[in-house]
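Below is one structure, written out as structure tokens; the observations come after it.
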Amino acid sequence: MRPNLLLLLVAVVSPLLAQQPELPLPQAPAIAARAYLLLDFNSAQALVSHNPLERVEPASLTKLMTAYVTFTALKQKRIRLDQAVTVSEFAWRAEGSRMFVEPRKPVTVDALIRGMIVQSGNDACIALAELIAGSEEAFARIMNSEAQRLGLKHTQFVNATGLPHAQHYSTAQDLATLATAVIRDFPEYYPLYSQKEYRYNNITQANRNRLLWADPSVDGMKTGYTANAGYCLITSARRGERRLVSIVIGAASETARATESQKLLNHGFQAYDGVRLYSGRQSVATLPVFKGTANSVPAGFVADLHLAVPRGNHDKLKASIESMQPLLAPISVGQNIATMKFTLDGRPFREIPVVALESVPVAGILGRGWDTLRLLFR
């Protein structure tokens, strides 16, 4: 249901509204983990979190970025799924979990990707890194470049595997952003994360994500473990049109990381409704523009706008638009020009940037002069 909108060119939040207590949210379950976060995929809302910005050792959760860089190379046609890769001795000698590749024995990119995702093979990760960048060190630089581009502000990678290193770290919040980027940007490869087992070199290994067997709505993503990190699990589940992503860092055991992740997912699906408010590129307001070739510009959102709302409360959702006035040309498509402020039952709930849906070039000298006078008398 669409909220009852009060569209204001310049909205002023009343002192009464500002003084109201924060919105009470559904009581989250107790989660036995060092850090955790539950993200609503469509709205990018964090529904539950604990220590989301604490620096943690990401262990094999690192391999989500290794996969992201690999998928990018595939998309850019720099490598192919059927391409044969000769495994180096360095990759063959990788510590930790392995898919058991053999040195100088060709293996396809497709097999290495499955070994990385399903078997969490460190040898597969290094072989892919060497193929794409020449060395694991050079590959780590690409990982960090992608991390910066995706907005992972508290993350740094030193290797492609997640093996411990003092300068190799992330946060639950950054890992949630990374997981959603993999799902969003590579839907053609994301189904690999639901594969329950993979056999290579006559050795069958099961996916360590136990929730793939326990919850039919779970369709990925990645496990991790080191002595310092504890047992970690990023899980994604889809029920109907909603997708949730849970991040659990530092659980006590394999069973615990699955149990705590299931608690988070059940809470998110049961305690919140997903509400689609507007379509992408749909105009939600027309805002006045000065010194431009047009006197107004349609405003809205680049993509569909979703919110996750405590169950049964979507009819209490209201919104107002606060415009950045005066809006002066030039204005480009996608430029932030306003903010939509949502309240739920009269209390502040969320603020979303509103962007220009069309460009407005600068007017000629006469138009600019006339609008200068108009602004003087506003």
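Residues are referred to by chain and number: the chain letter is A, B, ... according to the order shown in the structure tokens, the number counts from 1 in that chain, and ligands are numbered separately from 1 in the order shown.
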Could I get the residues of segment 163-183 of chain A with an atom no further than 8 Å from an atom of segment 39-56 of chain A, each paired with its nearest atom pair and that distance in Å to one decimal, using only C-alpha atoms, sorted by chain and residue number, as a Markdown table?
| residue | atom | partner | partner_atom | distance |
| --- | --- | --- | --- | --- |
| A:Tyr169 | CA | A:Val56 | CA | 5.6 |
| A:Ser170 | CA | A:Val56 | CA | 5.5 |
| A:Thr171 | CA | A:Arg55 | CA | 5.1 |
| A:Ala172 | CA | A:Pro52 | CA | 4.9 |
| A:Gln173 | CA | A:Pro52 | CA | 5.1 |
| A:Ala176 | CA | A:Leu39 | CA | 7.1 |
| A:Thr180 | CA | A:Phe41 | CA | 6.9 |
Only N, CA and C atoms, please: the residues just picked out, written as an mmCIF file, in the first residue's frame.
data_model
loop_
_atom_site.group_PDB
_atom_site.id
_atom_site.type_symbol
_atom_site.label_atom_id
_atom_site.label_comp_id
_atom_site.auth_asym_id
_atom_site.auth_seq_id
_atom_site.Cartn_x
_atom_site.Cartn_y
_atom_site.Cartn_z
ATOM 1 N N TYR A 169 41.058 -7.705 7.063
ATOM 2 C CA TYR A 169 39.939 -7.514 7.992
ATOM 3 C C TYR A 169 38.709 -6.960 7.274
ATOM 4 N N SER A 170 37.585 -7.025 7.978
ATOM 5 C CA SER A 170 36.328 -6.478 7.460
ATOM 6 C C SER A 170 35.399 -6.236 8.646
ATOM 7 N N THR A 171 34.123 -5.976 8.352
ATOM 8 C CA THR A 171 33.088 -5.813 9.372
ATOM 9 C C THR A 171 31.829 -6.530 8.909
ATOM 10 N N ALA A 172 30.921 -6.775 9.830
ATOM 11 C CA ALA A 172 29.649 -7.408 9.456
ATOM 12 C C ALA A 172 28.896 -6.541 8.448
ATOM 13 N N GLN A 173 28.947 -5.229 8.634
ATOM 14 C CA GLN A 173 28.231 -4.335 7.720
ATOM 15 C C GLN A 173 28.825 -4.385 6.314
ATOM 16 N N ALA A 176 27.919 -7.623 4.613
ATOM 17 C CA ALA A 176 26.535 -7.612 4.127
ATOM 18 C C ALA A 176 26.449 -6.882 2.798
ATOM 19 N N THR A 180 25.326 -8.712 -0.787
ATOM 20 C CA THR A 180 24.231 -8.215 -1.621
ATOM 21 C C THR A 180 24.735 -7.830 -3.007
#
Inset, instruction - Write out as an MDAnalysis selection string each polymer residue whose atoms come within 8 Å of segment 224-233 of chain A, counting only C-alpha atoms; drop sequence neighbours fewer than 4 positions from it. - result: chainID A and resid 56:61 163:164 209 246:254 257:258 261
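Using only C-alpha atoms, the smallest distance between any of A:Arg208, A:Lys75, A:Lys341, A:His165 and Ile117 of chain A comes from A:Arg208.
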Legend entry - Top pick for closest residue to Glu95 of chain A, considering A:Leu192, A:Ile365, A:Ile126, A:Ala35 and counting only C-alpha atoms: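 Among the listed residues, A:Ile126 lies closest to Glu95 of chain A.
Reported to one decimal place, the separation of atom CA of Arg238 of chain A from atom CA of Glu146 of chain A is 26.3 Å.
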Set the distance at 7 Å and use only C-alpha atoms: which residues neighbour Val360 of chain A once local chain neighbours fewer than 4 positions away are removed? I'd like the list as a PDB file with N, CA and C atoms, in the first residue's frame.
ATOM      1  N   GLY A 292      17.379  27.592 -15.233  1.00  0.00           N
ATOM      2  CA  GLY A 292      17.491  26.465 -16.146  1.00  0.00           C
ATOM      3  C   GLY A 292      16.614  26.627 -17.365  1.00  0.00           C
ATOM      4  N   THR A 293      16.773  25.740 -18.345  1.00  0.00           N
ATOM      5  CA  THR A 293      15.950  25.764 -19.551  1.00  0.00           C
ATOM      6  C   THR A 293      14.528  25.291 -19.279  1.00  0.00           C
ATOM      7  N   ALA A 294      14.308  24.676 -18.124  1.00  0.00           N
ATOM      8  CA  ALA A 294      12.965  24.289 -17.682  1.00  0.00           C
ATOM      9  C   ALA A 294      12.726  24.877 -16.298  1.00  0.00           C
ATOM     10  N   ALA A 329      19.997  25.313 -11.812  1.00  0.00           N
ATOM     11  CA  ALA A 329      20.574  24.583 -12.933  1.00  0.00           C
ATOM     12  C   ALA A 329      22.078  24.872 -13.013  1.00  0.00           C
ATOM     13  N   PRO A 330      22.875  23.932 -13.544  1.00  0.00           N
ATOM     14  CA  PRO A 330      22.435  22.709 -14.217  1.00  0.00           C
ATOM     15  C   PRO A 330      22.122  21.588 -13.236  1.00  0.00           C
ATOM     16  N   ILE A 331      21.172  20.746 -13.621  1.00  0.00           N
ATOM     17  CA  ILE A 331      20.804  19.564 -12.847  1.00  0.00           C
ATOM     18  C   ILE A 331      20.939  18.349 -13.762  1.00  0.00           C
ATOM     19  N   SER A 332      21.590  17.308 -13.263  1.00  0.00           N
ATOM     20  CA  SER A 332      21.793  16.103 -14.067  1.00  0.00           C
ATOM     21  C   SER A 332      20.916  14.970 -13.565  1.00  0.00           C
TER      22      SER A 332
END
Considering only strand (DSSP E) as DSSP defines it on the backbone, what residues of segment 235-308 of chain A qualify? List them as a tab-separated table (two decimals) with C-alpha atoms, in the first residue's frame.
chain	number	residue	atom	x	y	z
A	235	THR	CA	23.21	-16.77	4.59
A	236	SER	CA	20.69	-15.57	2.04
A	237	ALA	CA	17.08	-16.74	1.95
A	238	ARG	CA	14.11	-15.85	-0.22
A	239	ARG	CA	10.49	-16.27	0.76
A	242	ARG	CA	11.44	-10.91	-0.02
A	243	ARG	CA	15.11	-11.76	0.38
A	244	LEU	CA	17.06	-11.46	3.64
A	245	VAL	CA	20.81	-11.70	4.16
A	246	SER	CA	22.16	-12.66	7.59
A	247	ILE	CA	25.75	-12.21	8.76
A	248	VAL	CA	26.95	-14.16	11.81
A	249	ILE	CA	30.56	-13.72	12.97
A	250	GLY	CA	32.24	-15.59	15.81
A	251	ALA	CA	29.75	-18.30	16.75
A	272	TYR	CA	8.58	-7.48	9.17
A	273	ASP	CA	6.60	-6.93	5.98
A	274	GLY	CA	8.21	-5.89	2.72
A	275	VAL	CA	6.40	-2.93	1.13
A	276	ARG	CA	7.02	-1.73	-2.43
A	277	LEU	CA	6.18	1.97	-2.54
A	278	TYR	CA	7.28	3.30	-5.92
A	283	SER	CA	7.85	10.75	-10.62
A	284	VAL	CA	6.82	11.34	-7.00
A	285	ALA	CA	7.07	15.14	-7.11
A	286	THR	CA	7.74	18.02	-9.50
A	287	LEU	CA	10.16	20.52	-8.03
A	288	PRO	CA	10.80	24.12	-9.19
A	296	SER	CA	10.69	22.37	-12.97
A	297	VAL	CA	12.11	18.86	-12.81
A	298	PRO	CA	10.43	15.51	-12.04
A	299	ALA	CA	11.87	13.80	-8.96
A	300	GLY	CA	11.81	10.17	-7.90
A	305	LEU	CA	11.66	1.82	-3.61
A	306	HIS	CA	11.04	-0.83	-0.94
A	307	LEU	CA	10.77	-0.55	2.83
A	308	ALA	CA	10.72	-3.24	5.51
Inset, instruction - Within 9 Å of Arg98 of chain A, counting only C-alpha atoms, which residues show up once you throw out same-chain ones fewer than 3 positions away? Write them as a list in words, please. - result: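 What passes the distance filter is Trp92, Ala94, Glu95, Val101, Gly115, Met116, Gln119, Ser120, Gly121, Asn122, Asp123 and Ala124 of chain A.
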Please write the residues from the selection above to a file, keeping C-alpha atoms, as a PDB file, in the first residue's frame.
ATOM      1  CA  TRP A  92      48.760 -26.615  -4.952  1.00  0.00           C
ATOM      2  CA  ALA A  94      47.788 -23.771  -0.253  1.00  0.00           C
ATOM      3  CA  GLU A  95      47.015 -24.240   3.437  1.00  0.00           C
ATOM      4  CA  VAL A 101      43.851 -29.624  -7.628  1.00  0.00           C
ATOM      5  CA  GLY A 115      35.773 -25.628  -5.866  1.00  0.00           C
ATOM      6  CA  MET A 116      36.023 -22.128  -4.421  1.00  0.00           C
ATOM      7  CA  GLN A 119      34.366 -26.761  -1.306  1.00  0.00           C
ATOM      8  CA  SER A 120      35.867 -23.451  -0.103  1.00  0.00           C
ATOM      9  CA  GLY A 121      39.138 -24.507  -1.706  1.00  0.00           C
ATOM     10  CA  ASN A 122      42.055 -22.195  -0.978  1.00  0.00           C
ATOM     11  CA  ASP A 123      43.965 -23.822  -3.820  1.00  0.00           C
ATOM     12  CA  ALA A 124      41.128 -22.951  -6.214  1.00  0.00           C
TER      13      ALA A 124
END
Legend entry - Lys105 of chain A environment, 7 Å, only C-alpha atoms, sequence neighbours closer than 3 positions dropped, as a PyMOL selection string: chain A and resi 86-87+102
Restricted to N, CA and C atoms, what would the selected residues look like written as a tab-separated table (two decimals), in the first residue's frame?
chain	number	residue	atom	x	y	z
A	86	THR	N	46.44	-24.06	-15.82
A	86	THR	CA	47.51	-24.89	-15.25
A	86	THR	C	47.79	-24.42	-13.84
A	87	VAL	N	47.67	-25.31	-12.88
A	87	VAL	CA	47.80	-24.96	-11.47
A	87	VAL	C	49.27	-24.87	-11.08
A	102	GLU	N	45.80	-30.48	-8.79
A	102	GLU	CA	47.15	-31.03	-8.88
A	102	GLU	C	48.03	-30.11	-9.72
Inset, instruction - Identify, with DSSP run on backbone atoms, the residues in segment 261-339 of chain A assigned to helix (DSSP H, G or I), and express the list as a list in words. - result: Ser261, Gln262, Lys263, Leu264, Leu265, Asn266, His267, Gly268, Phe269, Gln270, Ala271, His314, Asp315 and Lys316 of chain A
Same residues, all heavy atoms, output as an mmCIF file, in the first residue's frame:
data_model
loop_
_atom_site.group_PDB
_atom_site.id
_atom_site.type_symbol
_atom_site.label_atom_id
_atom_site.label_comp_id
_atom_site.auth_asym_id
_atom_site.auth_seq_id
_atom_site.Cartn_x
_atom_site.Cartn_y
_atom_site.Cartn_z
ATOM 1 N N SER A 261 21.967 -18.125 12.699
ATOM 2 C CA SER A 261 21.555 -17.560 11.410
ATOM 3 C C SER A 261 20.078 -17.831 11.151
ATOM 4 O O SER A 261 19.349 -16.952 10.672
ATOM 5 C CB SER A 261 22.402 -18.154 10.280
ATOM 6 O OG SER A 261 23.761 -17.815 10.427
ATOM 7 N N GLN A 262 19.627 -19.033 11.473
ATOM 8 C CA GLN A 262 18.215 -19.368 11.291
ATOM 9 C C GLN A 262 17.320 -18.493 12.156
ATOM 10 O O GLN A 262 16.250 -18.056 11.724
ATOM 11 C CB GLN A 262 17.979 -20.843 11.617
ATOM 12 C CG GLN A 262 16.566 -21.334 11.304
ATOM 13 C CD GLN A 262 16.357 -21.528 9.813
ATOM 14 O OE1 GLN A 262 16.804 -22.514 9.245
ATOM 15 N NE2 GLN A 262 15.668 -20.595 9.167
ATOM 16 N N LYS A 263 17.760 -18.202 13.380
ATOM 17 C CA LYS A 263 17.000 -17.306 14.258
ATOM 18 C C LYS A 263 16.817 -15.933 13.616
ATOM 19 O O LYS A 263 15.721 -15.363 13.629
ATOM 20 C CB LYS A 263 17.722 -17.132 15.596
ATOM 21 C CG LYS A 263 17.648 -18.291 16.560
ATOM 22 C CD LYS A 263 18.366 -17.878 17.842
ATOM 23 C CE LYS A 263 18.582 -19.021 18.800
ATOM 24 N NZ LYS A 263 19.350 -18.575 19.989
ATOM 25 N N LEU A 264 17.901 -15.408 13.075
ATOM 26 C CA LEU A 264 17.836 -14.084 12.444
ATOM 27 C C LEU A 264 16.883 -14.091 11.252
ATOM 28 O O LEU A 264 16.037 -13.195 11.104
ATOM 29 C CB LEU A 264 19.230 -13.645 11.995
ATOM 30 C CG LEU A 264 20.189 -13.152 13.076
ATOM 31 C CD1 LEU A 264 21.581 -12.946 12.493
ATOM 32 C CD2 LEU A 264 19.683 -11.856 13.705
ATOM 33 N N LEU A 265 17.021 -15.080 10.395
ATOM 34 C CA LEU A 265 16.173 -15.142 9.208
ATOM 35 C C LEU A 265 14.701 -15.274 9.581
ATOM 36 O O LEU A 265 13.840 -14.565 9.035
ATOM 37 C CB LEU A 265 16.594 -16.313 8.322
ATOM 38 C CG LEU A 265 17.979 -16.206 7.675
ATOM 39 C CD1 LEU A 265 18.353 -17.518 7.006
ATOM 40 C CD2 LEU A 265 18.014 -15.069 6.661
ATOM 41 N N ASN A 266 14.384 -16.170 10.506
ATOM 42 C CA ASN A 266 12.984 -16.346 10.915
ATOM 43 C C ASN A 266 12.413 -15.057 11.501
ATOM 44 O O ASN A 266 11.268 -14.685 11.232
ATOM 45 C CB ASN A 266 12.871 -17.486 11.928
ATOM 46 C CG ASN A 266 13.052 -18.851 11.290
ATOM 47 O OD1 ASN A 266 12.936 -18.998 10.075
ATOM 48 N ND2 ASN A 266 13.355 -19.847 12.097
ATOM 49 N N HIS A 267 13.226 -14.371 12.305
ATOM 50 C CA HIS A 267 12.773 -13.102 12.884
ATOM 51 C C HIS A 267 12.458 -12.089 11.789
ATOM 52 O O HIS A 267 11.404 -11.431 11.813
ATOM 53 C CB HIS A 267 13.843 -12.550 13.813
ATOM 54 C CG HIS A 267 13.563 -11.153 14.282
ATOM 55 N ND1 HIS A 267 12.590 -10.856 15.207
ATOM 56 C CD2 HIS A 267 14.125 -9.960 13.929
ATOM 57 C CE1 HIS A 267 12.554 -9.545 15.410
ATOM 58 N NE2 HIS A 267 13.486 -8.986 14.644
ATOM 59 N N GLY A 268 13.344 -11.950 10.815
ATOM 60 C CA GLY A 268 13.129 -10.962 9.764
ATOM 61 C C GLY A 268 11.901 -11.239 8.931
ATOM 62 O O GLY A 268 11.149 -10.318 8.590
ATOM 63 N N PHE A 269 11.668 -12.502 8.601
ATOM 64 C CA PHE A 269 10.506 -12.844 7.787
ATOM 65 C C PHE A 269 9.205 -12.759 8.582
ATOM 66 O O PHE A 269 8.154 -12.388 8.040
ATOM 67 C CB PHE A 269 10.662 -14.250 7.202
ATOM 68 C CG PHE A 269 11.615 -14.322 6.039
ATOM 69 C CD1 PHE A 269 12.749 -15.121 6.100
ATOM 70 C CD2 PHE A 269 11.379 -13.596 4.884
ATOM 71 C CE1 PHE A 269 13.629 -15.202 5.032
ATOM 72 C CE2 PHE A 269 12.246 -13.665 3.797
ATOM 73 C CZ PHE A 269 13.380 -14.471 3.877
ATOM 74 N N GLN A 270 9.255 -13.083 9.864
ATOM 75 C CA GLN A 270 8.029 -13.128 10.664
ATOM 76 C C GLN A 270 7.652 -11.781 11.270
ATOM 77 O O GLN A 270 6.464 -11.501 11.455
ATOM 78 C CB GLN A 270 8.194 -14.168 11.775
ATOM 79 C CG GLN A 270 8.308 -15.599 11.269
ATOM 80 C CD GLN A 270 8.779 -16.573 12.323
ATOM 81 O OE1 GLN A 270 8.922 -16.220 13.504
ATOM 82 N NE2 GLN A 270 9.051 -17.810 11.925
ATOM 83 N N ALA A 271 8.635 -10.937 11.573
ATOM 84 C CA ALA A 271 8.361 -9.690 12.286
ATOM 85 C C ALA A 271 8.230 -8.478 11.373
ATOM 86 O O ALA A 271 7.790 -7.417 11.823
ATOM 87 C CB ALA A 271 9.463 -9.432 13.315
ATOM 88 N N HIS A 314 2.088 -1.196 7.939
ATOM 89 C CA HIS A 314 2.369 -0.436 6.719
ATOM 90 C C HIS A 314 1.341 0.659 6.457
ATOM 91 O O HIS A 314 1.642 1.654 5.810
ATOM 92 C CB HIS A 314 2.472 -1.373 5.506
ATOM 93 C CG HIS A 314 1.224 -2.123 5.212
ATOM 94 N ND1 HIS A 314 0.935 -3.323 5.811
ATOM 95 C CD2 HIS A 314 0.185 -1.842 4.390
ATOM 96 C CE1 HIS A 314 -0.225 -3.775 5.360
ATOM 97 N NE2 HIS A 314 -0.701 -2.893 4.499
ATOM 98 N N ASP A 315 0.126 0.514 6.997
ATOM 99 C CA ASP A 315 -0.879 1.565 6.796
ATOM 100 C C ASP A 315 -0.601 2.801 7.657
ATOM 101 O O ASP A 315 -1.224 3.850 7.474
ATOM 102 C CB ASP A 315 -2.282 1.028 7.085
ATOM 103 C CG ASP A 315 -2.422 0.470 8.497
ATOM 104 O OD1 ASP A 315 -1.398 0.091 9.091
ATOM 105 O OD2 ASP A 315 -3.562 0.440 8.994
ATOM 106 N N LYS A 316 0.338 2.693 8.586
ATOM 107 C CA LYS A 316 0.699 3.836 9.429
ATOM 108 C C LYS A 316 1.906 4.593 8.871
ATOM 109 O O LYS A 316 2.420 5.512 9.502
ATOM 110 C CB LYS A 316 1.025 3.349 10.849
ATOM 111 C CG LYS A 316 -0.147 2.643 11.524
ATOM 112 C CD LYS A 316 0.274 2.079 12.879
ATOM 113 C CE LYS A 316 -0.884 1.311 13.534
ATOM 114 N NZ LYS A 316 -0.461 0.700 14.822
#
Legend entry - Closest of A:Gly220, A:Pro310, A:Pro353, A:Gly369 to Gln27 of chain A - atom-to-atom distances counting only C-alpha atoms: A:Pro310
Inset, instruction - Work out how far atom CA of Ser135 of chain A is from atom CA of Thr62 of chain A, in Å to one decimal. - result: 16.8 Å
Legend entry - Gap from atom CA of Leu128 of chain A to atom CA of Arg78 of chain A - Å, one decimal: 12.1 Å
Inset, instruction - Using only C-alpha atoms, find the one residue out of A:Val182, A:Ile337, A:Cys125, A:Met65 that sits nearest to Ser145 of chain A. - result: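 Closest residue, counting only C-alpha atoms: A:Met65.
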Inset, instruction - Kindly indicate which residue among A:Phe186, A:Arg104, A:Leu25, A:Ala179 lies nearest to Thr70 of chain A, using only C-alpha atoms for the distances. - result: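 Looking only at the distances to Thr70 of chain A, the closest residue turns out to be A:Phe186.
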Inset, instruction - Quick one: everything within 12 Å of Gln83 of chain A, counting only C-alpha atoms, minus sequence neighbours fewer than 6 positions away in the same chain. Send it as a PyMOL selection string. - result: chain A and resi 74+77+106-113+128+131-132
